[in-house]
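K.L.:
Contents of start_29.cif (mmCIF, C-alpha atoms and all ligand atoms) are given next:
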```cif
data_entry
#
loop_
_atom_site.group_PDB
_atom_site.id
_atom_site.type_symbol
_atom_site.label_atom_id
_atom_site.label_comp_id
_atom_site.auth_asym_id
_atom_site.auth_seq_id
_atom_site.Cartn_x
_atom_site.Cartn_y
_atom_site.Cartn_z
ATOM 1 C CA MET S 3 101.966 112.513 77.291
ATOM 2 C CA THR S 4 101.694 112.464 73.504
ATOM 3 C CA GLY S 5 99.809 115.155 71.580
ATOM 4 C CA GLU S 6 97.649 112.410 70.066
ATOM 5 C CA PHE S 7 96.602 111.268 73.562
ATOM 6 C CA ARG S 8 95.725 114.807 74.692
ATOM 7 C CA LYS S 9 93.721 115.418 71.526
ATOM 8 C CA ARG S 10 91.667 112.242 71.973
ATOM 9 C CA LEU S 11 91.120 112.903 75.661
ATOM 10 C CA GLU S 12 89.816 116.379 74.820
ATOM 11 C CA GLU S 13 87.606 115.003 72.046
ATOM 12 C CA MET S 14 86.065 112.368 74.308
ATOM 13 C CA SER S 15 85.494 114.871 77.062
ATOM 14 C CA GLU S 16 83.832 117.261 74.571
ATOM 15 C CA ILE S 17 81.586 114.474 73.248
ATOM 16 C CA THR S 18 80.512 113.835 76.855
ATOM 17 C CA ASP S 19 79.963 117.541 77.541
ATOM 18 C CA ARG S 20 77.807 117.978 74.438
ATOM 19 C CA ARG S 21 75.623 114.972 75.258
ATOM 20 C CA LEU S 22 75.284 116.052 78.906
ATOM 21 C CA GLU S 23 74.212 119.482 77.713
ATOM 22 C CA ASP S 24 71.567 117.923 75.435
ATOM 23 C CA TYR S 25 70.235 115.865 78.352
ATOM 24 C CA MET S 26 70.126 118.902 80.639
ATOM 25 C CA ASN S 27 68.421 121.073 78.000
ATOM 26 C CA GLY S 28 65.804 118.318 77.705
ATOM 27 C CA VAL S 29 65.309 118.343 81.485
ATOM 28 C CA LEU S 30 65.020 122.158 81.548
ATOM 29 C CA SER S 31 62.514 122.280 78.692
ATOM 30 C CA GLY S 32 59.948 120.345 80.726
ATOM 31 C CA THR S 33 60.097 122.442 83.882
ATOM 32 C CA SER S 34 58.074 125.267 85.389
ATOM 33 C CA GLY S 35 57.841 125.537 89.193
ATOM 34 C CA GLN S 36 60.696 123.044 89.589
ATOM 35 C CA ARG S 37 62.987 124.945 87.210
ATOM 36 C CA LYS S 38 65.481 125.949 89.910
ATOM 37 C CA VAL S 39 66.396 122.342 90.696
ATOM 38 C CA ALA S 40 66.900 121.604 86.979
ATOM 39 C CA GLU S 41 69.161 124.664 86.722
ATOM 40 C CA ALA S 42 71.140 123.443 89.727
ATOM 41 C CA MET S 43 71.588 120.024 88.055
ATOM 42 C CA LYS S 44 72.875 121.673 84.901
ATOM 43 C CA TYR S 45 75.095 124.086 86.859
ATOM 44 C CA SER S 46 76.989 121.325 88.656
ATOM 45 C CA LEU S 47 77.133 118.992 85.687
ATOM 46 C CA SER S 48 78.538 121.659 83.379
ATOM 47 C CA ALA S 49 80.999 123.087 85.929
ATOM 48 C CA GLY S 50 83.884 121.115 84.381
ATOM 49 C CA GLY S 51 85.655 118.100 85.782
ATOM 50 C CA LYS S 52 87.993 115.695 84.064
ATOM 51 C CA ARG S 53 85.219 113.372 82.762
ATOM 52 C CA ILE S 54 87.426 110.388 83.627
ATOM 53 C CA ARG S 55 84.545 107.996 84.252
ATOM 54 C CA PRO S 56 82.809 108.600 80.885
ATOM 55 C CA VAL S 57 86.155 108.374 79.075
ATOM 56 C CA LEU S 58 86.879 105.024 80.759
ATOM 57 C CA THR S 59 83.459 103.674 79.793
ATOM 58 C CA MET S 60 83.782 104.662 76.144
ATOM 59 C CA GLU S 61 87.362 103.440 75.919
ATOM 60 C CA PHE S 62 86.693 100.042 77.535
ATOM 61 C CA CYS S 63 83.785 99.665 75.123
ATOM 62 C CA ARG S 64 86.159 100.366 72.235
ATOM 63 C CA VAL S 65 88.923 97.968 73.371
ATOM 64 C CA CYS S 66 86.255 95.263 73.709
ATOM 65 C CA GLY S 67 85.286 95.778 70.066
ATOM 66 C CA GLY S 68 82.144 97.872 70.699
ATOM 67 C CA ASP S 69 81.067 101.268 69.376
ATOM 68 C CA PRO S 70 81.895 103.923 72.016
ATOM 69 C CA GLU S 71 78.881 105.952 70.874
ATOM 70 C CA ALA S 72 76.583 103.131 72.065
ATOM 71 C CA ALA S 73 78.140 103.423 75.536
ATOM 72 C CA LEU S 74 77.660 107.196 75.698
ATOM 73 C CA PRO S 75 74.345 107.180 77.649
ATOM 74 C CA ALA S 76 75.932 104.885 80.266
ATOM 75 C CA ALA S 77 79.053 107.085 80.300
ATOM 76 C CA CYS S 78 76.917 110.200 80.897
ATOM 77 C CA ALA S 79 74.937 108.405 83.605
ATOM 78 C CA LEU S 80 78.184 107.745 85.486
ATOM 79 C CA GLU S 81 79.109 111.425 85.297
ATOM 80 C CA MET S 82 75.646 112.339 86.634
ATOM 81 C CA ILE S 83 76.093 110.000 89.601
ATOM 82 C CA HIS S 84 79.614 111.271 90.203
ATOM 83 C CA THR S 85 78.326 114.869 90.144
ATOM 84 C CA PHE S 86 75.476 113.966 92.502
ATOM 85 C CA SER S 87 78.048 112.560 94.932
ATOM 86 C CA LEU S 88 80.125 115.745 94.738
ATOM 87 C CA ILE S 89 77.063 117.969 95.355
ATOM 88 C CA HIS S 90 76.136 115.933 98.435
ATOM 89 C CA ASP S 91 79.735 115.630 99.584
ATOM 90 C CA ASP S 92 80.018 119.447 99.662
ATOM 91 C CA LEU S 93 76.897 119.942 101.798
ATOM 92 C CA PRO S 94 77.300 121.351 105.326
ATOM 93 C CA CYS S 95 76.221 117.973 106.811
ATOM 94 C CA MET S 96 79.095 116.247 104.955
ATOM 95 C CA ASP S 97 82.402 117.970 104.076
ATOM 96 C CA ASP S 98 80.951 121.504 104.067
ATOM 97 C CA ASP S 99 82.944 122.822 101.105
ATOM 98 C CA ASP S 100 82.123 126.149 99.444
ATOM 99 C CA MET S 101 84.023 125.615 96.199
ATOM 100 C CA ARG S 102 83.901 122.776 93.673
ATOM 101 C CA ARG S 103 85.393 122.576 90.190
ATOM 102 C CA GLY S 104 86.476 126.221 90.492
ATOM 103 C CA LYS S 105 82.961 127.507 91.157
ATOM 104 C CA PRO S 106 80.780 128.010 94.232
ATOM 105 C CA SER S 107 79.438 124.612 95.339
ATOM 106 C CA CYS S 108 75.852 123.828 94.375
ATOM 107 C CA HIS S 109 74.427 124.676 97.826
ATOM 108 C CA ILE S 110 76.270 128.012 97.840
ATOM 109 C CA ALA S 111 74.856 128.901 94.416
ATOM 110 C CA PHE S 112 71.325 127.517 94.878
ATOM 111 C CA GLY S 113 70.787 126.962 98.623
ATOM 112 C CA GLU S 114 70.925 123.732 100.588
ATOM 113 C CA PRO S 115 67.434 122.325 99.886
ATOM 114 C CA THR S 116 67.813 122.763 96.108
ATOM 115 C CA ALA S 117 71.343 121.289 96.142
ATOM 116 C CA LEU S 118 70.103 118.221 98.013
ATOM 117 C CA LEU S 119 67.297 117.786 95.488
ATOM 118 C CA ALA S 120 69.581 118.439 92.511
ATOM 119 C CA GLY S 121 71.801 115.559 93.702
ATOM 120 C CA ASP S 122 68.781 113.268 94.130
ATOM 121 C CA ALA S 123 67.437 114.278 90.719
ATOM 122 C CA LEU S 124 70.794 113.600 89.020
ATOM 123 C CA LEU S 125 70.888 110.138 90.593
ATOM 124 C CA ASN S 126 67.416 109.370 89.252
ATOM 125 C CA PHE S 127 68.063 110.902 85.870
ATOM 126 C CA ALA S 128 71.189 108.735 85.534
ATOM 127 C CA TYR S 129 69.034 105.584 85.538
ATOM 128 C CA GLU S 130 66.559 107.137 83.103
ATOM 129 C CA THR S 131 69.519 107.922 80.844
ATOM 130 C CA VAL S 132 70.825 104.332 80.826
ATOM 131 C CA CYS S 133 67.298 103.201 79.872
ATOM 132 C CA GLY S 134 67.531 105.376 76.744
ATOM 133 C CA GLY S 135 69.915 104.740 73.857
ATOM 134 C CA ARG S 136 70.126 101.896 71.395
ATOM 135 C CA LEU S 137 71.448 98.946 73.413
ATOM 136 C CA SER S 138 69.285 95.862 73.991
ATOM 137 C CA ALA S 139 66.958 95.718 77.003
ATOM 138 C CA GLU S 140 69.068 92.888 78.425
ATOM 139 C CA THR S 141 72.267 94.964 78.186
ATOM 140 C CA LYS S 142 70.550 97.972 79.776
ATOM 141 C CA ILE S 143 69.439 95.804 82.724
ATOM 142 C CA ALA S 144 73.019 94.551 83.138
ATOM 143 C CA LEU S 145 74.278 98.164 83.058
ATOM 144 C CA ILE S 146 71.714 99.377 85.592
ATOM 145 C CA THR S 147 72.443 96.434 87.895
ATOM 146 C CA GLU S 148 76.140 97.297 87.802
ATOM 147 C CA LEU S 149 75.466 100.984 88.418
ATOM 148 C CA THR S 150 73.060 100.506 91.339
ATOM 149 C CA LYS S 151 75.477 98.131 93.079
ATOM 150 C CA ALA S 152 78.382 100.562 92.672
ATOM 151 C CA THR S 153 76.393 103.533 93.926
ATOM 152 C CA GLY S 154 74.553 101.851 96.798
ATOM 153 C CA VAL S 155 75.114 100.752 100.351
ATOM 154 C CA ASN S 156 77.955 98.364 99.475
ATOM 155 C CA GLY S 157 79.511 100.881 97.100
ATOM 156 C CA MET S 158 79.909 104.649 97.041
ATOM 157 C CA ILE S 159 77.200 105.494 99.593
ATOM 158 C CA GLY S 160 78.482 102.793 101.986
ATOM 159 C CA GLY S 161 82.017 104.161 101.603
ATOM 160 C CA GLN S 162 80.817 107.657 102.404
ATOM 161 C CA GLU S 163 79.026 106.337 105.517
ATOM 162 C CA ILE S 164 82.234 104.660 106.736
ATOM 163 C CA ASP S 165 84.110 107.897 106.056
ATOM 164 C CA THR S 166 81.680 110.134 107.944
ATOM 165 C CA ALA S 167 80.617 107.810 110.780
ATOM 166 C CA PHE S 168 83.845 105.993 111.690
ATOM 167 C CA GLU S 169 84.972 106.774 115.219
ATOM 168 C CA GLY S 170 88.509 106.411 116.518
ATOM 169 C CA GLN S 171 91.684 106.038 114.516
ATOM 170 C CA MET S 172 91.242 104.405 111.128
ATOM 171 C CA ASP S 173 93.895 101.819 110.332
ATOM 172 C CA GLU S 174 95.166 101.309 106.800
ATOM 173 C CA SER S 175 93.017 98.287 105.962
ATOM 174 C CA VAL S 176 89.771 100.073 106.931
ATOM 175 C CA LEU S 177 90.937 103.173 105.070
ATOM 176 C CA LEU S 178 91.673 101.190 101.899
ATOM 177 C CA ASP S 179 88.317 99.384 102.096
ATOM 178 C CA MET S 180 86.613 102.745 102.479
ATOM 179 C CA TYR S 181 88.524 104.137 99.457
ATOM 180 C CA SER S 182 87.555 101.093 97.364
ATOM 181 C CA MET S 183 83.902 101.721 98.120
ATOM 182 C CA LYS S 184 83.765 105.505 98.099
ATOM 183 C CA THR S 185 85.964 106.207 95.081
ATOM 184 C CA GLY S 186 86.826 102.833 93.558
ATOM 185 C CA ALA S 187 83.324 101.413 93.088
ATOM 186 C CA LEU S 188 82.206 104.016 90.549
ATOM 187 C CA LEU S 189 85.509 103.896 88.651
ATOM 188 C CA LYS S 190 85.180 100.109 88.539
ATOM 189 C CA SER S 191 81.677 100.434 87.171
ATOM 190 C CA ALA S 192 82.878 102.864 84.545
ATOM 191 C CA CYS S 193 85.328 100.256 83.205
ATOM 192 C CA LYS S 194 82.955 97.295 83.536
ATOM 193 C CA MET S 195 80.039 99.153 81.953
ATOM 194 C CA GLY S 196 82.147 99.869 78.880
ATOM 195 C CA CYS S 197 82.801 96.118 78.554
ATOM 196 C CA ILE S 198 79.130 95.293 79.160
ATOM 197 C CA ALA S 199 77.996 97.814 76.521
ATOM 198 C CA ALA S 200 80.317 96.072 74.040
ATOM 199 C CA GLY S 201 78.900 92.633 74.917
ATOM 200 C CA ALA S 202 82.272 91.433 76.273
ATOM 201 C CA GLY S 203 82.640 88.073 78.032
ATOM 202 C CA ASP S 204 83.415 87.364 81.703
ATOM 203 C CA GLU S 205 87.175 87.202 81.181
ATOM 204 C CA LYS S 206 87.367 90.737 79.812
ATOM 205 C CA ILE S 207 85.016 92.036 82.495
ATOM 206 C CA ALA S 208 87.195 90.444 85.204
ATOM 207 C CA ALA S 209 90.331 92.041 83.711
ATOM 208 C CA ALA S 210 88.593 95.441 83.610
ATOM 209 C CA GLU S 211 87.611 94.935 87.241
ATOM 210 C CA LEU S 212 91.198 94.173 88.257
ATOM 211 C CA TYR S 213 92.483 97.190 86.297
ATOM 212 C CA ALA S 214 89.913 99.437 87.980
ATOM 213 C CA GLU S 215 90.613 98.132 91.491
ATOM 214 C CA LYS S 216 94.241 99.161 91.157
ATOM 215 C CA LEU S 217 93.459 102.404 89.326
ATOM 216 C CA GLY S 218 90.803 103.380 91.894
ATOM 217 C CA LEU S 219 93.196 103.083 94.822
ATOM 218 C CA ALA S 220 95.991 104.883 92.964
ATOM 219 C CA PHE S 221 93.489 107.611 92.007
ATOM 220 C CA GLN S 222 92.395 108.177 95.621
ATOM 221 C CA ILE S 223 95.983 108.148 96.928
ATOM 222 C CA ILE S 224 96.904 110.795 94.336
ATOM 223 C CA ASP S 225 93.805 112.717 95.447
ATOM 224 C CA ASP S 226 95.151 112.590 99.028
ATOM 225 C CA ILE S 227 98.577 113.800 97.876
ATOM 226 C CA LEU S 228 97.021 116.673 95.904
ATOM 227 C CA ASP S 229 94.958 117.575 98.955
ATOM 228 C CA VAL S 230 98.289 118.364 100.660
ATOM 229 C CA THR S 231 100.553 119.517 97.834
ATOM 230 C CA GLY S 232 98.110 120.630 95.122
ATOM 231 C CA ASP S 233 97.453 124.043 93.624
ATOM 232 C CA GLU S 234 94.012 125.304 94.683
ATOM 233 C CA LYS S 235 93.506 127.105 91.376
ATOM 234 C CA LEU S 236 94.148 123.946 89.356
ATOM 235 C CA LEU S 237 92.119 121.757 91.725
ATOM 236 C CA GLY S 238 89.183 124.187 91.796
ATOM 237 C CA LYS S 239 88.680 123.607 95.541
ATOM 238 C CA PRO S 240 90.583 124.410 98.743
ATOM 239 C CA ILE S 241 93.364 122.008 99.676
ATOM 240 C CA GLY S 242 93.230 120.254 103.054
ATOM 241 C CA SER S 243 89.470 119.877 102.699
ATOM 242 C CA ASP S 244 88.920 116.320 101.529
ATOM 243 C CA ARG S 245 88.609 114.316 104.729
ATOM 244 C CA GLY S 246 88.896 117.078 107.305
ATOM 245 C CA ASN S 247 92.129 117.764 109.165
ATOM 246 C CA GLU S 248 91.453 115.351 111.988
ATOM 247 C CA LYS S 249 90.912 112.265 109.779
ATOM 248 C CA GLU S 250 93.493 109.780 108.567
ATOM 249 C CA THR S 251 94.352 109.659 104.891
ATOM 250 C CA PHE S 252 96.816 107.408 103.090
ATOM 251 C CA VAL S 253 99.257 110.332 103.186
ATOM 252 C CA SER S 254 98.830 111.020 106.910
ATOM 253 C CA LEU S 255 99.501 107.311 107.614
ATOM 254 C CA ASN S 256 102.394 106.794 105.168
ATOM 255 C CA GLY S 257 103.872 110.166 104.231
ATOM 256 C CA ILE S 258 104.002 111.734 100.778
ATOM 257 C CA GLU S 259 106.957 109.840 99.326
ATOM 258 C CA ASN S 260 105.703 106.387 100.344
ATOM 259 C CA SER S 261 102.246 107.319 99.073
ATOM 260 C CA ARG S 262 103.724 108.268 95.692
ATOM 261 C CA LYS S 263 105.556 104.918 95.572
ATOM 262 C CA THR S 264 102.360 103.007 96.391
ATOM 263 C CA ALA S 265 100.411 104.929 93.730
ATOM 264 C CA LYS S 266 103.139 104.074 91.207
ATOM 265 C CA THR S 267 103.040 100.347 92.113
ATOM 266 C CA LEU S 268 99.241 100.301 91.847
ATOM 267 C CA THR S 269 99.483 102.062 88.488
ATOM 268 C CA ASP S 270 101.949 99.428 87.236
ATOM 269 C CA ASP S 271 99.533 96.700 88.394
ATOM 270 C CA ALA S 272 96.686 98.434 86.555
ATOM 271 C CA LEU S 273 98.801 98.625 83.395
ATOM 272 C CA GLY S 274 99.497 94.880 83.774
ATOM 273 C CA ALA S 275 95.763 94.123 83.801
ATOM 274 C CA LEU S 276 95.411 95.841 80.407
ATOM 275 C CA LYS S 277 97.273 92.914 78.809
ATOM 276 C CA ALA S 278 93.893 91.188 78.457
ATOM 277 C CA PHE S 279 92.897 93.799 75.842
ATOM 278 C CA GLU S 280 94.183 94.942 72.461
ATOM 279 C CA ASN S 281 94.776 98.493 71.197
ATOM 280 C CA THR S 282 95.335 99.872 74.684
ATOM 281 C CA ASP S 283 97.757 102.709 73.900
ATOM 282 C CA PHE S 284 95.212 105.344 74.888
ATOM 283 C CA LEU S 285 94.234 103.520 78.105
ATOM 284 C CA LYS S 286 97.889 103.147 79.064
ATOM 285 C CA GLU S 287 98.511 106.857 78.577
ATOM 286 C CA LEU S 288 95.340 107.674 80.507
ATOM 287 C CA THR S 289 96.495 105.489 83.417
ATOM 288 C CA LEU S 290 99.861 107.293 83.523
ATOM 289 C CA PHE S 291 98.183 110.679 83.097
ATOM 290 C CA LEU S 292 96.074 109.976 86.203
ATOM 291 C CA LEU S 293 99.210 109.078 88.189
ATOM 292 C CA LYS S 294 100.914 112.323 87.190
ATOM 293 C CA ARG S 295 97.849 114.571 87.291
ATOM 294 C CA GLU S 296 97.961 117.922 89.068
ATOM 295 C CA TYR S 297 94.165 118.364 89.327
HETATM 296 C C1 LIG S 301 73.243 109.597 98.956
HETATM 297 C C2 LIG S 301 73.571 111.095 100.942
HETATM 298 C C3 LIG S 301 74.148 110.432 99.760
HETATM 299 C C4 LIG S 301 75.449 110.615 99.472
HETATM 300 C C5 LIG S 301 76.164 110.094 98.312
HETATM 301 C C6 LIG S 301 78.417 111.912 99.076
HETATM 302 C C7 LIG S 301 78.534 110.491 98.656
HETATM 303 C C8 LIG S 301 77.430 109.537 98.749
HETATM 304 C C9 LIG S 301 79.663 110.026 98.206
HETATM 305 C C10 LIG S 301 80.860 110.882 98.066
HETATM 306 C C11 LIG S 301 81.820 110.200 97.245
HETATM 307 C C12 LIG S 301 82.979 111.070 96.952
HETATM 308 C C13 LIG S 301 82.871 112.545 96.991
HETATM 309 C C14 LIG S 301 84.116 110.484 96.608
HETATM 310 C C15 LIG S 301 85.319 111.245 96.259
HETATM 311 C C16 LIG S 301 85.813 110.718 94.986
HETATM 312 C C17 LIG S 301 86.759 111.641 94.308
HETATM 313 C C18 LIG S 301 88.207 111.339 94.379
HETATM 314 C C19 LIG S 301 86.288 112.657 93.622
HETATM 315 C C20 LIG S 301 87.047 113.502 92.698
HETATM 316 O O1 LIG S 301 86.892 112.927 91.414
HETATM 317 P P1 LIG S 301 87.529 113.597 90.134
HETATM 318 O O2 LIG S 301 88.950 113.943 90.414
HETATM 319 O O3 LIG S 301 86.677 114.966 90.053
HETATM 320 O O4 LIG S 301 87.248 112.744 88.958
HETATM 321 P P2 LIG S 301 86.297 115.831 88.773
HETATM 322 O O5 LIG S 301 85.851 117.145 89.349
HETATM 323 O O6 LIG S 301 87.505 115.937 87.882
HETATM 324 O O7 LIG S 301 85.170 115.120 88.092
#
```
Let's see the structure in the file written out as structure tokens.
P.N.:
Amino acid sequence: MTGEFRKRLEEMSEITDRRLEDYMNGVLSGTSGQRKVAEAMKYSLSAGGKRIRPVLTMEFCRVCGGDPEAALPAACALEMIHTFSLIHDDLPCMDDDDMRRGKPSCHIAFGEPTALLAGDALLNFAYETVCGGRLSAETKIALITELTKATGVNGMIGGQEIDTAFEGQMDESVLLDMYSMKTGALLKSACKMGCIAAGAGDEKIAAAELYAEKLGLAFQIIDDILDVTGDEKLLGKPIGSDRGNEKETFVSLNGIENSRKTAKTLTDDALGALKAFENTDFLKELTLFLLKREY
């Protein structure tokens, strides 16, 4: 990992953090009786996290010739939806996890009803955020269409339903479909929304989609590996918690070494899809960073 890459990654993540803070301060300034839910939104959103989705959006916008700043509202909206999914995922009715991003989960800090509402409010505020900013109305509609599809019943929420409701032993093809929906759909949107914000054509959008499909699966397989081998302090949550001990993961079906090999192959495929773009040094390093990540 070059120093230049790390510096830019930090810069982009700080730009996202600052804008998210501005949005949350705006939300807080208009509250009275509902202040607790706004505080819960801000608490979970500012608890850290790698900010991978916003970075992907801004970077795909840049490699498509757009201004990453114009994609920032969309990038922040993705982080809001991601954070909403983590808040709900930690609830007792889902994975029932007490720690997230190194801090007590939202429902531990604010109580279950407020955590549920904070997730709902972040989801709604994400769409309000995409409606702001300086892109054309047509581009904003394209961005919102992409985001709703990725989040909805045939995307992240559908993937979560398969994960929680599936009975019996999950075979690999069902597991991979579930991963593509639960984790992959939002990552795919992050890449595609960067292209859309830049006004890119169908060919570029299709290449971003292919890149993200491969990256999304590699990302979730690495997540499974870290859930077995990771360091709880670095991960900010207990290991062994992601899908519950009794559920299949890519690692439980294939073992750690084979899972690492598959993640590497998927990463190589993702790198191949970047050939459709120019100036991809940062994206290449990011793709490799995600393969080797420890958190
Ligand atoms: C509407 C009821 C309702 C639920 C929403 C809960 C849910 C649907 C979806 C859960 C999706 C989920 C938790 C997917 C896991 C994806 C994943 C690998 C998360 C970790 O992402 P990182 O590593 O996390 O980017 P940080 O903390 O770095 O942002």
K.L.:
Env of Leu58 of chain S: 9 Å cut, atoms = all atoms listed in the file, seq-sep filter 3 positions within chain, self excluded. Answer as JSON, numbers by chain.
P.N.:
{"S": [53, 54, 55, 61, 62, 63, 77, 189, 192, 193, 196, 285, 288]}
K.L.:
Once the PyMOL selection byres (((chain S and resi 108) around 10) and not hetatm) has been evaluated on this model, what residues remain selected, and can you format them as a PyMOL selection string?
P.N.:
chain S and resi 42-43+45-46+49+88-90+92-93+99-102+105-107+109-114+116-118+120-121
K.L.:
As a check of understanding, name the residues that the PyMOL selection byres (((not hetatm)) within 9 of (chain S and resi 301)) selects in the supplied structure, as an NGL selection string.
P.N.:
:S and (49-55 or 81 or 83-93 or 96-97 or 102-103 or 118 or 121-122 or 125 or 153-154 or 158-163 or 181 or 183-186 or 188 or 218 or 221-226 or 237-238 or 244 or 297)
K.L.:
Between S:Tyr129, S:Leu47, S:Phe7, S:Ser138, single out the one closest to Leu290 of chain S, counting all atoms listed in the file.
P.N.:
S:Phe7
K.L.:
Give me the residues near segment 267-277 of chain S as an mmCIF file with C-alpha atoms, in the frame of the given file, where near means some atom within 12 Å (using only C-alpha atoms) and where sequence neighbours in that chain fewer than 2 positions away do not count.
P.N.:
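Output below, filename result34.cif:
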```cif
data_model
loop_
_atom_site.group_PDB
_atom_site.id
_atom_site.type_symbol
_atom_site.label_atom_id
_atom_site.label_comp_id
_atom_site.auth_asym_id
_atom_site.auth_seq_id
_atom_site.Cartn_x
_atom_site.Cartn_y
_atom_site.Cartn_z
ATOM 1 C CA GLU S 61 87.362 103.440 75.919
ATOM 2 C CA PHE S 62 86.693 100.042 77.535
ATOM 3 C CA VAL S 65 88.923 97.968 73.371
ATOM 4 C CA CYS S 66 86.255 95.263 73.709
ATOM 5 C CA LYS S 190 85.180 100.109 88.539
ATOM 6 C CA CYS S 193 85.328 100.256 83.205
ATOM 7 C CA GLU S 205 87.175 87.202 81.181
ATOM 8 C CA LYS S 206 87.367 90.737 79.812
ATOM 9 C CA ILE S 207 85.016 92.036 82.495
ATOM 10 C CA ALA S 208 87.195 90.444 85.204
ATOM 11 C CA ALA S 209 90.331 92.041 83.711
ATOM 12 C CA ALA S 210 88.593 95.441 83.610
ATOM 13 C CA GLU S 211 87.611 94.935 87.241
ATOM 14 C CA LEU S 212 91.198 94.173 88.257
ATOM 15 C CA TYR S 213 92.483 97.190 86.297
ATOM 16 C CA ALA S 214 89.913 99.437 87.980
ATOM 17 C CA GLU S 215 90.613 98.132 91.491
ATOM 18 C CA LYS S 216 94.241 99.161 91.157
ATOM 19 C CA LEU S 217 93.459 102.404 89.326
ATOM 20 C CA GLY S 218 90.803 103.380 91.894
ATOM 21 C CA LEU S 219 93.196 103.083 94.822
ATOM 22 C CA ALA S 220 95.991 104.883 92.964
ATOM 23 C CA PHE S 221 93.489 107.611 92.007
ATOM 24 C CA GLN S 222 92.395 108.177 95.621
ATOM 25 C CA ILE S 223 95.983 108.148 96.928
ATOM 26 C CA ILE S 224 96.904 110.795 94.336
ATOM 27 C CA ASN S 260 105.703 106.387 100.344
ATOM 28 C CA SER S 261 102.246 107.319 99.073
ATOM 29 C CA ARG S 262 103.724 108.268 95.692
ATOM 30 C CA LYS S 263 105.556 104.918 95.572
ATOM 31 C CA THR S 264 102.360 103.007 96.391
ATOM 32 C CA ALA S 265 100.411 104.929 93.730
ATOM 33 C CA PHE S 279 92.897 93.799 75.842
ATOM 34 C CA GLU S 280 94.183 94.942 72.461
ATOM 35 C CA ASN S 281 94.776 98.493 71.197
ATOM 36 C CA THR S 282 95.335 99.872 74.684
ATOM 37 C CA ASP S 283 97.757 102.709 73.900
ATOM 38 C CA PHE S 284 95.212 105.344 74.888
ATOM 39 C CA LEU S 285 94.234 103.520 78.105
ATOM 40 C CA LYS S 286 97.889 103.147 79.064
ATOM 41 C CA GLU S 287 98.511 106.857 78.577
ATOM 42 C CA LEU S 288 95.340 107.674 80.507
ATOM 43 C CA THR S 289 96.495 105.489 83.417
ATOM 44 C CA LEU S 290 99.861 107.293 83.523
ATOM 45 C CA PHE S 291 98.183 110.679 83.097
ATOM 46 C CA LEU S 292 96.074 109.976 86.203
ATOM 47 C CA LEU S 293 99.210 109.078 88.189
ATOM 48 C CA LYS S 294 100.914 112.323 87.190
#
```
K.L.:
Quick check on the file I pasted: which residues fall under the PyMOL selection byres (((chain S and resi 16) around 12) and not hetatm)? Write them as a PyMOL selection string.
P.N.:
chain S and resi 9-15+17-23+48+50-54+56-57+74+78
K.L.:
May I ask for the distance between atom CA of Asn256 of chain S and atom CA of Lys239 of chain S, given in Å to one decimal place?
P.N.:
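If I compute the distance from atom CA of Asn256 of chain S to atom CA of Lys239 of chain S, I get 23.7 Å.
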K.L.:
As a PDB file with C-alpha atoms, keeping the file's coordinate frame, please: the residues near segment 139-144 of chain S (cut-off 9 Å, all atoms listed in the file, same-chain neighbours under 6 positions excluded).
P.N.:
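The result, written out as out.pdb:
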```
ATOM      1  CA  ALA S  76      75.932 104.885  80.266  1.00  0.00           C
ATOM      2  CA  VAL S 132      70.825 104.332  80.826  1.00  0.00           C
ATOM      3  CA  CYS S 133      67.298 103.201  79.872  1.00  0.00           C
ATOM      4  CA  MET S 195      80.039  99.153  81.953  1.00  0.00           C
ATOM      5  CA  ILE S 198      79.130  95.293  79.160  1.00  0.00           C
ATOM      6  CA  ALA S 199      77.996  97.814  76.521  1.00  0.00           C
ATOM      7  CA  GLY S 201      78.900  92.633  74.917  1.00  0.00           C
TER       8      GLY S 201
END
```
K.L.:
Can you tell me how far atom CA of Met26 of chain S sits from atom CA of Asn156 of chain S, in Å to one decimal?
P.N.:
28.9 Å
K.L.:
When distances are computed from all atoms listed in the file, which of S:Gly104, S:Pro115, S:Gly134, S:Gly28 shows the smallest separation from Pro75 of chain S?
P.N.:
S:Gly134
K.L.:
When distances are computed from all atoms listed in the file, which of S:Leu137, S:Lys249, S:Thr150, S:Ser182 shows the smallest separation from Gly170 of chain S?
P.N.:
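So, comparing all the options, the nearest one is S:Lys249.
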K.L.:
What does the distance between atom CA of Leu255 of chain S and atom CA of Val230 of chain S come to in Å, to one decimal place?
P.N.:
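The value is 13.1 Å.
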